[in-house]
Every structure is written in C-alpha cells, then in structure tokens.
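*Asks:* The structure that follows is given in the form of structure tokens.
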Amino acid sequence: MTRKQLHLGLFLQGAGHHVAGWQMPGATYGSENLPHLQNVTRIAEEAKFDMVFLADGLTTSPTAHPSMVARLEPLTLLSALAMGTRHIGLAATASTTYGEPFHTARVFASLDHLSGGRAGWNVVTTSYARSAANFGKAHPDHDARYEIADEYVSVVRALWDSWEDDAYVQDAEEGRYIDPAKMHVLDHKGRYFEVKGPLNVTRPPQGHPVIIQAGSSDPGQELAARSADVVFTAQATLEGAKAFYDGLKARMAKYGRNPDELAIMPGAFVLIGDTRAEAEALLEQLQSRTDPAEAYPLLNERLGTDVSGYDIDGPLPDIPVSEEIRSRSELLIRLARSRNLTIRQLLNMVGAARGHLMLVGTAEEVADEIGAWFEAGAADGFNIMPAWFPKPLEDFATKVVPILQSRGLFREDYQGRTLREHLGLKRPRHPRAT
Ligand SMILES: Cc1cc2nc3c(=O)[nH]c(=O)nc-3n(C[C@H](O)[C@H](O)[C@H](O)COP(=O)(O)O)c2cc1C
C-alpha cells in the first residue's frame, strides 16, 4: 500500500511574506512583476508542489503589506501563469460578499479549461468592512456573510453542472455542435441570489474546480465541512492545529462526507539556514529592518483593535475578539496570553507570518516539524509562505522537499494531470450522469 502523502502549496505573495523581505539582498519582488511571479511559480512546479495560491483583497492603503498594497487581479494573473506551466494547480481567492456567482462560476470554469483542469477557488467572505465602499453596498455582518457564502457556493457548483460532460458533440458529419438535451437551466431563486443559467462555459475539466475555504470561525468551518475540498488556516501550535483538524473533520459526517474528501493545509512561514543559528540570524536581520510603524497596521487590522497607544514592551491589553476577522484575532490574542508576548513580539510575529506557524531552522528541522504535524494528524499538508523570494523558496524546494521525498512523505513526480488528481480528490460526477 502506498503511504499517504502530504500536499504542498506555494502561498505566493509578490514581495514575500515578511513585511521587510523585499529589502533582503538578492530579493526579487513585485505583485505586478510577471517575470518574477513566473519564476517563483516555476520553482514550485519543479519541486512538484500541488498548487500555487494567490490571495486577494478588494481595498488598499499606503500602510498595507508591500505584497498587498497593489496587485494584479488574480484570475488574470493565473491565466498568464497557466501558459508557462503544465502541472501545478492554480488557485486564487474570490469573494462571495462582493461578487456574483455567475461571474465566479464563469472565470474559474474558464481558467480550468485554459489550464487543463488545474483551477482552484479560495472562497472568502471578505473580512474588512472598508471593502463595502468600493461596491456601494453595506458590509453584511460576520454570520450573514457566511450564509451568503453558502448559497453562493452551491449556485456556482450548480452552474458548473449547466452542461453534461458530453454535451459538446461537435459532430461535423451531422452538423451538430452541441446536444441541447445535455444543457440544464438552473433557475435558482434563493434568499440572496436569483440566477437563471445556464453557464456559457461548458463543464470544467475537473467537473468542479477545487473549492478552498479559508475562514476558521465556527460558521467558516461549517461551510468548509459542507463544501470545501481544501482548507487553508492559520495555526501556530501543533496542539491547536490538531484540535482544529479533528473538529473540522468530525463536522463532515453530518454532510455525508468522508474525512479524506478534505485536505487541511495550514500556512507555514519558512526560513532555512545551514545551521539553526544562521536561520535565526536571518530572521533577526528581517526584524531589524522592520519599522514598528509598518507592522502596527498589520497587527491592528488582525486584532481588530488599535494597540499602538500602549507600551510596545508591555503586554497586550484586554481587547475583544474582532467581528471582522474572528479566527485570526482569536489566534493572536490566545498566543499573546499563553506565551506572555509583548506588543513588540506580536508585531514581529505578525510582520513575519501574520500568526501562521513559523518554521525557522535547518532543512532537517523544518522537514521534521512538517513530518511531525502530518504524522500527528494535525495537517494534510502546508501552504508554504517564503519570507522573501526567491532564496527561501529555493532553499525549501532544493533542501526540504528532497528530505520529505526520501521519507516517502511527498511525491517524486506528478502522477496526475489535474489539481484534483494531485490532491487525491474525486472528480464530481454530473448529477444527471448515468
Ligand atoms: C491561508 C489563508 C489565506 C487567506 N486568504 C484570504 C484572501 O485572499 N482574501 C481574504 O479576504 N481573506 C483571506 N483569508 C482570510 C479568511 O478568509 C478569513 O477572513 C479569516 O481567516 C477570518 O475568518 P473567520 O471570520 O471565519 O474567522 C485567508 C486566510 C488564510 C488562513
């Protein structure tokens, strides 16, 4: 029997994950710099990663993270990346609060066709209320956003089934291009959406592009248990990750789903040295380049409270959990309390990895930690977050991946063609298929 293998994603942020990463000697950067983005995607593909993932937001400010201050629309960018790659999955965020299911179904179906079945949609509800001002809408509250998301995802999935797989007959002899009997009109009239359909793109090669879910609050986990193929999550400790993993997988049974139908992939910030001291010195160097003024907006946003007026070397004051970005704010408050962190330490942590697991050490140590989480049943894989590009990614690809391969934990080569196949997920059958 072949051993269960872990999955790897590249969480691609144009200027790297550390807020000061782009300033490191030899760094390449730019969320709109296509040759750089193509290069790092190629490194991930050579290392046989399952996918590259582009996050997205719908607002900006001059104090945003350098990777996020200005960035290309991710589906447009993924279409360009699809042309220079053959195997790696191509995933991106699209909001269910500021979008239309018809558009979302269409763009991901299109990307799936263009890439030969490599598309993945990261479903997010858009945390920050300021996004509303770009759409002339009011920002729905947290739980309403998840109710909308639930209906949104089911409409998108149904639109992907507008055509049966063999509807596109293209029979030149008979002069029949499509079989109209294999086209289905959705006629959805729900609480939030009315969508007639059918979609004007045929069924995607994967049936349904891979659905990723990235919110870890209670309603977020419920949405994931019902509909997601992959979950991205921020987890800082093995114990916390294990509890999250077990809890989420247990929720799947009530939707008639098997735990293997969902891959849970926490983010992992990586920084590798020939010795642990060397890796720690690199982190130190990054931290010394980080102006607290740059890191405060990142921390305040994720906490949901402005803490810049408090003593930077004192503890985090008593603050409420944010209603905008619930699970992340909870995670950071919990970490601050359990590890007695000062605000300065929290700033350093958020400036590096925004609360995600941080793997800083030798290739062997990083591989050990990844293996430990995987073997403990705390993760099915990781979304790798290089501190900057390209060196920390190259180090991971050329030093950590071979160790994982030699331990039988990660593929030596791609076995399948589609992202679903990389992830070991079934292609959804068309509901009318016999
Ligand atoms: C790896 C990862 C990637 C995420 N990417 C995005 C993103 O691209 N856009 C976004 O608005 N939110 C993104 N989120 C945030 C989540 O969608 C969600 O808003 C946040 O985790 C809070 O979730 P909760 O309100 O369910 O607790 C991401 C979260 C994680 C863990």
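The chains in the structure tokens are called A, B, ... from first to last as shown; in each chain the residues are counted from 1, and the ligands are counted from 1 in the order shown.
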Please provide as a ChimeraX atom specification all residues within 8 Å of region 230-242 of chain A, with the sequence filter that same-chain residues fewer than 2 positions apart are discarded (counting only C-alpha atoms).
*Replies:* /A:210-216,224,228,244-246,262-267,328,331,355-358,373,376-379,383
*Asks:* Within 12 Å of Ala132 (chain A), counting only C-alpha atoms, which residues show up once you throw out same-chain ones fewer than 2 positions away? Write them as JSON, numbers by chain, please.
*Replies:* {"A": [57, 58, 59, 95, 97, 98, 99, 125, 126, 127, 128, 129, 130, 134, 135, 136, 137, 138, 139, 140, 141]}
*Asks:* Which of these, A:Gly256, A:Gly84, A:Pro219, A:Pro428, has the shortest distance to ligand 1 once you count only C-alpha atoms and all ligand atoms?
*Replies:*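 When distances to ligand 1 are compared using only C-alpha atoms and all ligand atoms, the smallest one comes from A:Pro219.
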*Asks:* Write out as an MDAnalysis selection string which residues come within 9 Å of region 146-156 of chain A when counting only C-alpha atoms, dropping same-chain ones fewer than 2 positions away.
*Replies:* chainID A and resid 95:97 100:106 123:125 141:144 158:161 186 188 190:193 195 211 219:220 223 226:227
*Asks:* Please dump the current selection as a CSV table (one decimal), in the first residue's frame; keep N, CA and C atoms.
*Replies:*
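The resulting file, out.csv, is shown below:
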```
chain,number,residue,atom,x,y,z
A,95,SER,N,-14.2,36.7,-3.7
A,95,SER,CA,-15.1,37.0,-2.6
A,95,SER,C,-16.5,36.6,-2.9
A,96,THR,N,-17.2,36.1,-1.9
A,96,THR,CA,-18.6,35.7,-2.0
A,96,THR,C,-19.5,36.9,-1.5
A,97,THR,N,-18.9,37.9,-0.9
A,97,THR,CA,-19.7,39.1,-0.5
A,97,THR,C,-19.7,40.1,-1.5
A,100,GLU,N,-20.6,38.0,-8.0
A,100,GLU,CA,-21.8,37.4,-8.4
A,100,GLU,C,-21.5,35.9,-8.8
A,101,PRO,N,-22.3,35.0,-8.3
A,101,PRO,CA,-22.0,33.6,-8.6
A,101,PRO,C,-21.8,33.3,-10.1
A,102,PHE,N,-22.6,34.0,-11.0
A,102,PHE,CA,-22.4,33.7,-12.4
A,102,PHE,C,-21.0,34.1,-12.8
A,103,HIS,N,-20.5,35.2,-12.4
A,103,HIS,CA,-19.1,35.6,-12.8
A,103,HIS,C,-18.1,34.7,-12.3
A,104,THR,N,-18.3,34.3,-11.0
A,104,THR,CA,-17.3,33.5,-10.3
A,104,THR,C,-17.2,32.1,-11.0
A,105,ALA,N,-18.4,31.5,-11.3
A,105,ALA,CA,-18.5,30.2,-12.0
A,105,ALA,C,-17.8,30.3,-13.3
A,106,ARG,N,-18.0,31.5,-14.0
A,106,ARG,CA,-17.5,31.6,-15.4
A,106,ARG,C,-16.0,31.7,-15.4
A,123,VAL,N,-12.6,30.4,-1.5
A,123,VAL,CA,-13.8,31.1,-1.1
A,123,VAL,C,-13.6,31.9,0.1
A,124,VAL,N,-13.7,33.2,0.0
A,124,VAL,CA,-13.6,34.1,1.2
A,124,VAL,C,-14.8,35.0,1.3
A,125,THR,N,-15.1,35.4,2.5
A,125,THR,CA,-16.3,36.2,2.7
A,125,THR,C,-15.9,37.7,2.8
A,141,ASP,N,-23.0,41.5,8.3
A,141,ASP,CA,-22.2,41.1,9.5
A,141,ASP,C,-21.6,39.7,9.3
A,142,HIS,N,-20.8,39.3,10.2
A,142,HIS,CA,-20.0,38.0,10.0
A,142,HIS,C,-20.8,36.8,9.6
A,143,ASP,N,-21.9,36.6,10.4
A,143,ASP,CA,-22.6,35.3,10.2
A,143,ASP,C,-23.5,35.4,8.9
A,144,ALA,N,-24.0,36.6,8.6
A,144,ALA,CA,-24.7,36.8,7.3
A,144,ALA,C,-23.8,36.6,6.2
A,158,ALA,N,-23.7,24.5,-9.0
A,158,ALA,CA,-24.8,24.1,-9.9
A,158,ALA,C,-24.5,24.7,-11.3
A,159,LEU,N,-24.0,25.9,-11.4
A,159,LEU,CA,-23.7,26.5,-12.7
A,159,LEU,C,-22.7,25.7,-13.5
A,160,TRP,N,-21.7,25.1,-12.7
A,160,TRP,CA,-20.7,24.3,-13.4
A,160,TRP,C,-21.3,23.0,-14.0
A,161,ASP,N,-22.5,22.7,-13.5
A,161,ASP,CA,-23.2,21.5,-14.0
A,161,ASP,C,-24.2,21.9,-15.1
A,186,LEU,N,-30.6,26.3,-14.7
A,186,LEU,CA,-30.7,26.2,-13.2
A,186,LEU,C,-31.9,26.7,-12.6
A,188,HIS,N,-32.3,29.2,-10.4
A,188,HIS,CA,-32.2,29.3,-9.0
A,188,HIS,C,-32.9,30.6,-8.5
A,190,GLY,N,-33.1,32.0,-4.7
A,190,GLY,CA,-32.8,31.7,-3.3
A,190,GLY,C,-33.0,33.0,-2.5
A,191,ARG,N,-32.5,32.9,-1.2
A,191,ARG,CA,-32.6,34.0,-0.3
A,191,ARG,C,-31.8,35.2,-0.8
A,192,TYR,N,-30.6,34.9,-1.3
A,192,TYR,CA,-29.7,36.0,-1.7
A,192,TYR,C,-29.5,36.2,-3.2
A,193,PHE,N,-29.7,35.1,-4.0
A,193,PHE,CA,-29.4,35.2,-5.4
A,193,PHE,C,-30.5,34.6,-6.3
A,195,VAL,N,-30.5,33.3,-10.1
A,195,VAL,CA,-29.6,33.0,-11.2
A,195,VAL,C,-30.3,32.0,-12.2
A,211,ILE,N,-12.5,23.5,-4.6
A,211,ILE,CA,-13.0,24.6,-3.7
A,211,ILE,C,-12.2,24.6,-2.4
A,219,PRO,N,-18.9,29.4,11.8
A,219,PRO,CA,-19.6,29.3,10.5
A,219,PRO,C,-18.6,29.0,9.3
A,220,GLY,N,-17.4,29.5,9.5
A,220,GLY,CA,-16.4,29.2,8.4
A,220,GLY,C,-16.1,27.7,8.3
A,223,LEU,N,-19.1,25.9,6.7
A,223,LEU,CA,-19.1,26.0,5.3
A,223,LEU,C,-18.0,25.0,4.7
A,226,ARG,N,-19.2,21.4,4.8
A,226,ARG,CA,-20.2,21.0,3.8
A,226,ARG,C,-19.6,21.1,2.4
A,227,SER,N,-18.8,22.1,2.0
A,227,SER,CA,-18.5,22.2,0.6
A,227,SER,C,-17.0,22.2,0.2
```
*Asks:* Of the candidates A:Pro209, A:Gly351, A:Gly21, A:Pro62, which shows the shortest atom-to-atom distance to Ala295 (chain A), using only C-alpha atoms?
*Replies:*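 Smallest separation from Ala295 (chain A) among the options: A:Gly351.
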*Asks:* Using only C-alpha atoms and all ligand atoms, which residue out of A:Val307, A:Leu90, A:Ala268, A:Val400 lies closest to ligand 1?
*Replies:*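 Smallest separation from ligand 1 among the options: A:Ala268.
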*Asks:* Please, which residues of region 57-144 of chain A, numbered as in this document, come out helix (DSSP H, G or I) from DSSP, as a count of residues only?
*Replies:* 34
*Asks:* CA of Leu72 (chain A) to CA of Leu271 (chain A): how many Å, to one decimal?
*Replies:*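 Answer for the CA of Leu72 (chain A) to CA of Leu271 (chain A) separation: 26.2 Å.
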*Asks:* Residues of region 47-158 of chain A within 7 Å of region 202-207 of chain A: nearest atom pair and distance (Å, one decimal) for each, counting only C-alpha atoms, sorted by chain and number, as JSON lines?
*Replies:*
```
{"residue": "A:Ala109", "atom": "CA", "partner": "A:Pro204", "partner_atom": "CA", "distance": 5.2}
{"residue": "A:Asp112", "atom": "CA", "partner": "A:Pro204", "partner_atom": "CA", "distance": 5.8}
{"residue": "A:His113", "atom": "CA", "partner": "A:Pro204", "partner_atom": "CA", "distance": 6.0}
{"residue": "A:Gly116", "atom": "CA", "partner": "A:Pro205", "partner_atom": "CA", "distance": 6.5}
{"residue": "A:Gly117", "atom": "CA", "partner": "A:Pro205", "partner_atom": "CA", "distance": 4.9}
```
*Asks:* Measuring between only C-alpha atoms and all ligand atoms, which one of A:Ala27, A:Met68, A:Val19, A:Ile43 shows the shortest distance to ligand 1?
*Replies:*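 Checking each of A:Ala27, A:Met68, A:Val19, A:Ile43 against ligand 1, counting only C-alpha atoms and all ligand atoms, the winner is A:Met68.
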*Asks:* Counting only C-alpha atoms, what is within 12 Å of Asp413 (chain A), bar same-chain residues fewer than 2 positions away, as an NGL selection string?
*Replies:* :A and (45-50 or 87-88 or 401-402 or 405 or 410-411 or 415-417 or 422)
*Asks:* Could you find all residues in region 112-317 of chain A that DSSP calls strand (DSSP E) from the backbone, and write them as a PyMOL selection string?
*Replies:* chain A and resi 119-124+188-189+194-195+210-213+230-233+263-272
*Asks:* Nearest to ligand 1 among A:Ala367, A:Ala397, A:Ala55, A:Ile384, with distances taken over only C-alpha atoms and all ligand atoms: which residue is it?
*Replies:*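 Of all the options, A:Ala55 lies closest to ligand 1.
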*Asks:* How many Å lie between CA of His7 (chain A) and CA of Thr275 (chain A), rounded to one decimal?
*Replies:*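 Between CA of His7 (chain A) and CA of Thr275 (chain A) the gap works out to 25.9 Å.
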*Asks:* If you count only C-alpha atoms, which residues fall within 8 Å of region 337-343 of chain A, apart from same-chain ones fewer than 2 positions away, as a ChimeraX atom specification?
*Replies:* /A:311-316,333-335,345-347
*Asks:* Looking at only C-alpha atoms and all ligand atoms, which of A:Leu10, A:Ala281, A:Ala44, A:Ala253 is the one that sits closest to ligand 1?
*Replies:* A:Leu10
